[in-house]
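start-v7.pdb follows (PDB, C-alpha atoms):
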```
ATOM      1  CA  LYS A  14       0.000   0.000   0.000
ATOM      2  CA  VAL A  15       0.983   3.655  -0.305
ATOM      3  CA  VAL A  16       2.966   4.843   2.733
ATOM      4  CA  THR A  17       4.467   8.044   4.112
ATOM      5  CA  GLN A  18       8.067   8.555   5.219
ATOM      6  CA  ASP A  19       7.052   7.763   8.811
ATOM      7  CA  ASP A  20       6.244   4.190   7.684
ATOM      8  CA  ILE A  21       9.659   3.588   6.079
ATOM      9  CA  LEU A  22      12.437   1.909   8.073
ATOM     10  CA  GLN A  23      15.509   4.082   8.770
ATOM     11  CA  ARG A  24      17.798   1.572   7.070
ATOM     12  CA  ASP A  25      15.678   1.768   3.911
ATOM     13  CA  LEU A  26      15.758   5.574   3.957
ATOM     14  CA  LYS A  27      19.554   5.448   4.261
ATOM     15  CA  PHE A  28      19.641   3.086   1.274
ATOM     16  CA  LEU A  29      17.678   5.650  -0.794
ATOM     17  CA  TYR A  30      20.140   8.373   0.272
ATOM     18  CA  ARG A  31      23.179   6.215  -0.592
ATOM     19  CA  GLN A  32      21.710   5.354  -4.001
ATOM     20  CA  GLN A  33      21.029   9.085  -4.517
ATOM     21  CA  VAL A  34      17.357   8.481  -5.224
ATOM     22  CA  ILE A  35      16.676  11.387  -2.862
ATOM     23  CA  SER A  36      18.834  13.578  -0.650
ATOM     24  CA  ALA A  37      18.778  13.459   3.148
ATOM     25  CA  SER A  38      17.281  16.964   3.155
ATOM     26  CA  GLU A  39      14.150  15.788   1.328
ATOM     27  CA  HIS A  40      11.014  14.430   2.967
ATOM     28  CA  ILE A  41       9.039  11.637   1.271
ATOM     29  CA  THR A  42       5.365  12.561   0.975
ATOM     30  CA  TYR A  43       4.200   9.212  -0.430
ATOM     31  CA  LEU A  44       5.974   6.023  -1.513
ATOM     32  CA  TYR A  45       4.692   2.805  -3.013
ATOM     33  CA  SER A  46       6.814  -0.302  -3.481
ATOM     34  CA  ASP A  47       5.620  -3.341  -5.398
ATOM     35  CA  ALA A  48       8.534  -5.377  -4.021
ATOM     36  CA  ILE A  49       7.660  -8.394  -1.942
ATOM     37  CA  ILE A  50      10.628  -8.395   0.436
ATOM     38  CA  SER A  51      12.119  -4.908   0.594
ATOM     39  CA  VAL A  52      11.496  -1.376  -0.650
ATOM     40  CA  ARG A  53      15.098  -1.555  -1.817
ATOM     41  CA  ASP A  54      13.979  -3.592  -4.844
ATOM     42  CA  ASP A  55      11.668  -0.954  -6.314
ATOM     43  CA  GLY A  56       9.727   2.127  -5.395
ATOM     44  CA  ASN A  57       7.741   5.031  -6.767
ATOM     45  CA  GLY A  58       7.069   8.230  -4.944
ATOM     46  CA  PHE A  59       7.612  11.902  -4.434
ATOM     47  CA  THR A  60       9.157  14.232  -1.916
ATOM     48  CA  ASP A  61       8.780  17.907  -1.177
ATOM     49  CA  GLN A  62      11.200  18.491  -4.103
ATOM     50  CA  ARG A  63      10.944  15.725  -6.713
ATOM     51  CA  ILE A  64       9.128  12.747  -8.217
ATOM     52  CA  PHE A  65      11.137   9.504  -8.333
ATOM     53  CA  SER A  66      11.103   5.892  -9.425
ATOM     54  CA  TYR A  67      13.754   3.212  -8.872
ATOM     55  CA  TRP A  68      14.044  -0.500  -9.515
ATOM     56  CA  LEU A  69      16.362  -3.477  -9.773
ATOM     57  CA  ASP A  70      16.303  -5.189 -13.153
ATOM     58  CA  ASP A  71      16.651  -8.945 -13.736
ATOM     59  CA  ASP A  72      20.465  -8.621 -13.529
ATOM     60  CA  ASP A  73      20.214  -6.814 -10.150
ATOM     61  CA  THR A  74      21.317  -3.538 -11.751
ATOM     62  CA  PHE A  75      19.895  -0.526  -9.929
ATOM     63  CA  HIS A  76      18.057   2.052 -12.054
ATOM     64  CA  LYS A  77      16.489   5.350 -11.070
ATOM     65  CA  GLU A  78      14.561   8.195 -12.635
ATOM     66  CA  SER A  79      13.566  11.498 -11.107
ATOM     67  CA  ALA A  80      12.411  14.971 -11.954
ATOM     68  CA  THR A  81      11.989  18.080  -9.861
ATOM     69  CA  PHE A  82       8.514  19.574 -10.008
ATOM     70  CA  GLU A  83       9.904  22.461 -12.085
ATOM     71  CA  GLU A  84      11.159  19.964 -14.714
ATOM     72  CA  VAL A  85       7.746  18.324 -15.173
ATOM     73  CA  ASP A  86       5.610  19.260 -18.176
ATOM     74  CA  ASN A  87       2.754  16.773 -17.683
ATOM     75  CA  ILE A  88       1.439  14.088 -15.340
ATOM     76  CA  GLU A  89      -0.877  11.551 -16.976
ATOM     77  CA  VAL A  90      -2.773   8.993 -14.888
ATOM     78  CA  LYS A  91      -4.479   5.727 -15.809
ATOM     79  CA  PHE A  92      -6.281   4.534 -12.690
ATOM     80  CA  ALA A  93      -6.412   0.794 -11.954
ATOM     81  CA  GLU A  94      -9.619  -0.886 -13.075
ATOM     82  CA  SER A  95      -9.389  -3.823 -10.663
ATOM     83  CA  ASP A  96      -7.893  -4.748  -7.299
ATOM     84  CA  THR A  97      -5.141  -6.738  -8.996
ATOM     85  CA  GLU A  98      -3.855  -3.815 -11.097
ATOM     86  CA  ASN A  99      -1.740  -0.811 -10.216
ATOM     87  CA  THR A 100      -2.488   2.743 -11.232
ATOM     88  CA  VAL A 101       0.040   3.901 -13.848
ATOM     89  CA  ILE A 102       1.351   7.473 -13.729
ATOM     90  CA  THR A 103       3.419   8.789 -16.636
ATOM     91  CA  VAL A 104       5.619  11.766 -15.767
ATOM     92  CA  THR A 105       6.748  13.762 -18.810
ATOM     93  CA  ARG A 106       9.585  16.230 -18.411
ATOM     94  CA  LYS A 107       9.786  19.532 -20.299
ATOM     95  CA  ASP A 108      12.424  17.937 -22.570
ATOM     96  CA  GLN A 109       9.697  15.365 -23.475
ATOM     97  CA  SER A 110      11.514  12.424 -21.848
ATOM     98  CA  ASN A 111       9.352  10.462 -19.445
ATOM     99  CA  PHE A 112       9.210   7.751 -16.819
ATOM    100  CA  VAL A 113       6.460   5.714 -15.227
ATOM    101  CA  LEU A 114       5.278   5.210 -11.653
ATOM    102  CA  PHE A 115       3.184   2.277 -10.478
ATOM    103  CA  VAL A 116       0.954   2.849  -7.445
ATOM    104  CA  SER A 117      -1.356   0.469  -5.579
ATOM    105  CA  ASN A 118      -5.056   1.199  -5.323
ATOM    106  CA  VAL A 119      -5.340  -0.516  -1.904
ATOM    107  CA  ASP A 120      -7.359   1.725   0.457
ATOM    108  CA  GLU A 121      -7.571   4.243  -2.418
ATOM    109  CA  GLY A 122      -3.914   5.059  -1.832
ATOM    110  CA  ASP A 123      -3.511   5.777  -5.535
ATOM    111  CA  HIS A 124      -6.081   8.591  -5.355
ATOM    112  CA  LYS A 125      -4.402  10.164  -2.309
ATOM    113  CA  PHE A 126      -1.031   9.815  -4.059
ATOM    114  CA  VAL A 127      -2.238  11.375  -7.343
ATOM    115  CA  ASP A 128      -4.202  14.194  -5.678
ATOM    116  CA  GLU A 129      -1.245  15.296  -3.562
ATOM    117  CA  LEU A 130       1.234  14.798  -6.434
ATOM    118  CA  ARG A 131      -0.791  17.027  -8.777
ATOM    119  CA  ALA A 132      -1.333  19.657  -6.053
ATOM    120  CA  ARG A 133       2.411  19.774  -5.299
ATOM    121  CA  TRP A 134       3.300  19.953  -9.004
ATOM    122  CA  LYS A 135       0.860  22.805  -9.674
ATOM    123  CA  ARG A 136       2.124  24.678  -6.629
ATOM    124  CA  ASP A 137       5.841  24.218  -7.370
ATOM    125  CA  SER A 138       6.058  24.262 -11.178
TER     126      SER A 138
END
```
Write the structure described by the file as structure tokens, please.
Amino acid sequence: KVVTQDDILQRDLKFLYRQQVISASEHITYLYSDAIISVRDDGNGFTDQRIFSYWLDDDDTFHKESATFEEVDNIEVKFAESDTENTVITVTRKDQSNFVLFVSNVDEGDHKFVDELRARWKRDS
């Protein structure tokens, strides 16, 4: 389910800092991880400064994407149509490159996530 920074273990936050997904000065507003064992395997979220996504591929190579709110041109959302699907959020930067976030619809966490994400983007872009 979608969580706030208060729900994330300190060791996992330190991992995100070490991998430079976010800086220690940022505060995670919402995070969703589809990983079964650890949020270290993948995650999608946003902070007070940026939107981010990270994942391990099949070769255990770590990948990450992020954009500050000022860099974002558009946020497109396709809400999940069933309990077994994730909501898909496409973030397009002003240079027209993009990346995708996957967010669970459990307890309508996807709607909270999207509403706050869009509000933050409109306020900070």
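Nearest to Asn87 in chain A of all the residues A:Ser138, A:Asn99, A:Gln33, A:Asn57 is A:Ser138, based on all atoms listed in the file.
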Quiz item: Using only C-alpha atoms, which of A:Arg53, A:His40, A:Lys91, A:Arg131 sits nearest Asp19 in chain A?
Solution: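 Closest residue, counting only C-alpha atoms: A:His40.
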Quiz item: Between CA of Asp72 in chain A and CA of Tyr30 in chain A, what is the distance, to one decimal in Å?
Solution: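 Answer for the CA of Asp72 in chain A to CA of Tyr30 in chain A separation: 21.9 Å.
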Exercise. On this file, the PyMOL selection byres ((chain A and resi 119) around 8) gives some set of residues; write that set as a list of chain:residue names.
Key: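 Applying the PyMOL selection byres ((chain A and resi 119) around 8) to the structure shown produces A:Lys14, A:Val15, A:Asp96, A:Ser117, A:Asn118, A:Asp120, A:Glu121, A:Gly122, A:Asp123.
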Quiz item: Taking into account all atoms listed in the file, which residue in the set A:Val34, A:Phe92, A:Ser79, A:Asp54 is nearest to Thr105 in chain A?
Solution: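 Of A:Val34, A:Phe92, A:Ser79, A:Asp54, the one nearest Thr105 in chain A is A:Ser79, counting all atoms listed in the file.
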Exercise. Pick out the closest residue to Asp61 in chain A from this set: A:Trp134, A:Phe28, A:Phe112, A:Phe75. Count only C-alpha atoms.
Key: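 Counting only C-alpha atoms, the residue closest to Asp61 in chain A is A:Trp134.
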Exercise. Between A:Arg31, A:Arg133, A:Lys107, A:Arg24, single out the one closest to Glu84 in chain A, counting all atoms listed in the file.
Key: A:Lys107
Exercise. Considering all atoms listed in the file, state which residue in the set A:Leu114, A:Leu26, A:Ile102, A:Val52 is at the smallest distance from Ser66 in chain A.
Key: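 The shortest atom-to-atom distance to Ser66 in chain A comes from A:Leu114.
For the pair CA of Ile21 in chain A and CA of Thr42 in chain A, the separation is 11.2 Å.
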Self-check item: CA of His124 in chain A to CA of Val90 in chain A, distance in Å rounded to a single decimal
Solution: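 CA of Val90 in chain A lies at a distance of 10.1 Å from CA of His124 in chain A.
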Self-check item: the PyMOL selection byres ((chain A and resi 44) around 9) applied to the shown file, residues as a PyMOL selection string
Solution: chain A and resi 14-18+21+41-43+45-46+56-60+116+126
Emit the selected residues as a compact mmCIF listing (two decimals), keeping the file's coordinate frame, including C-alpha atoms.
```txt
# COMPACT_ATOMS: atom_id res chain seq x y z
CA LYS A 14 0.00 0.00 0.00
CA VAL A 15 0.98 3.66 -0.30
CA VAL A 16 2.97 4.84 2.73
CA THR A 17 4.47 8.04 4.11
CA GLN A 18 8.07 8.56 5.22
CA ILE A 21 9.66 3.59 6.08
CA ILE A 41 9.04 11.64 1.27
CA THR A 42 5.36 12.56 0.98
CA TYR A 43 4.20 9.21 -0.43
CA TYR A 45 4.69 2.80 -3.01
CA SER A 46 6.81 -0.30 -3.48
CA GLY A 56 9.73 2.13 -5.40
CA ASN A 57 7.74 5.03 -6.77
CA GLY A 58 7.07 8.23 -4.94
CA PHE A 59 7.61 11.90 -4.43
CA THR A 60 9.16 14.23 -1.92
CA VAL A 116 0.95 2.85 -7.44
CA PHE A 126 -1.03 9.82 -4.06
```
Please return the centre and edge lengths, in Å to one decimal, of a box with edges along x, y and z that contains all listed atoms of range 87-90 of chain A, widened by 8 Å on every side, as AutoDock Vina command-line options.
```
--center_x 0.0 --center_y 12.9 --center_z -16.3 --size_x 21.5 --size_y 23.8 --size_z 18.8
```
Identify all residues satisfying the PyMOL selection byres ((chain A and resi 88) around 6) in the given file; provide them as a PDB file with C-alpha atoms, in the frame of the given file.
```
ATOM      1  CA  ASN A  87       2.754  16.773 -17.683  1.00  0.00           C
ATOM      2  CA  GLU A  89      -0.877  11.551 -16.976  1.00  0.00           C
ATOM      3  CA  THR A 103       3.419   8.789 -16.636  1.00  0.00           C
ATOM      4  CA  VAL A 104       5.619  11.766 -15.767  1.00  0.00           C
TER       5      VAL A 104
END
```
Quiz prompt | Non-local contacts of Thr81 in chain A (7 Å; only C-alpha atoms; under 6 positions in same chain excluded) as a list of chain:residue names | solution =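 Here the answer would be A:Gln62, A:Arg63, A:Ile64.
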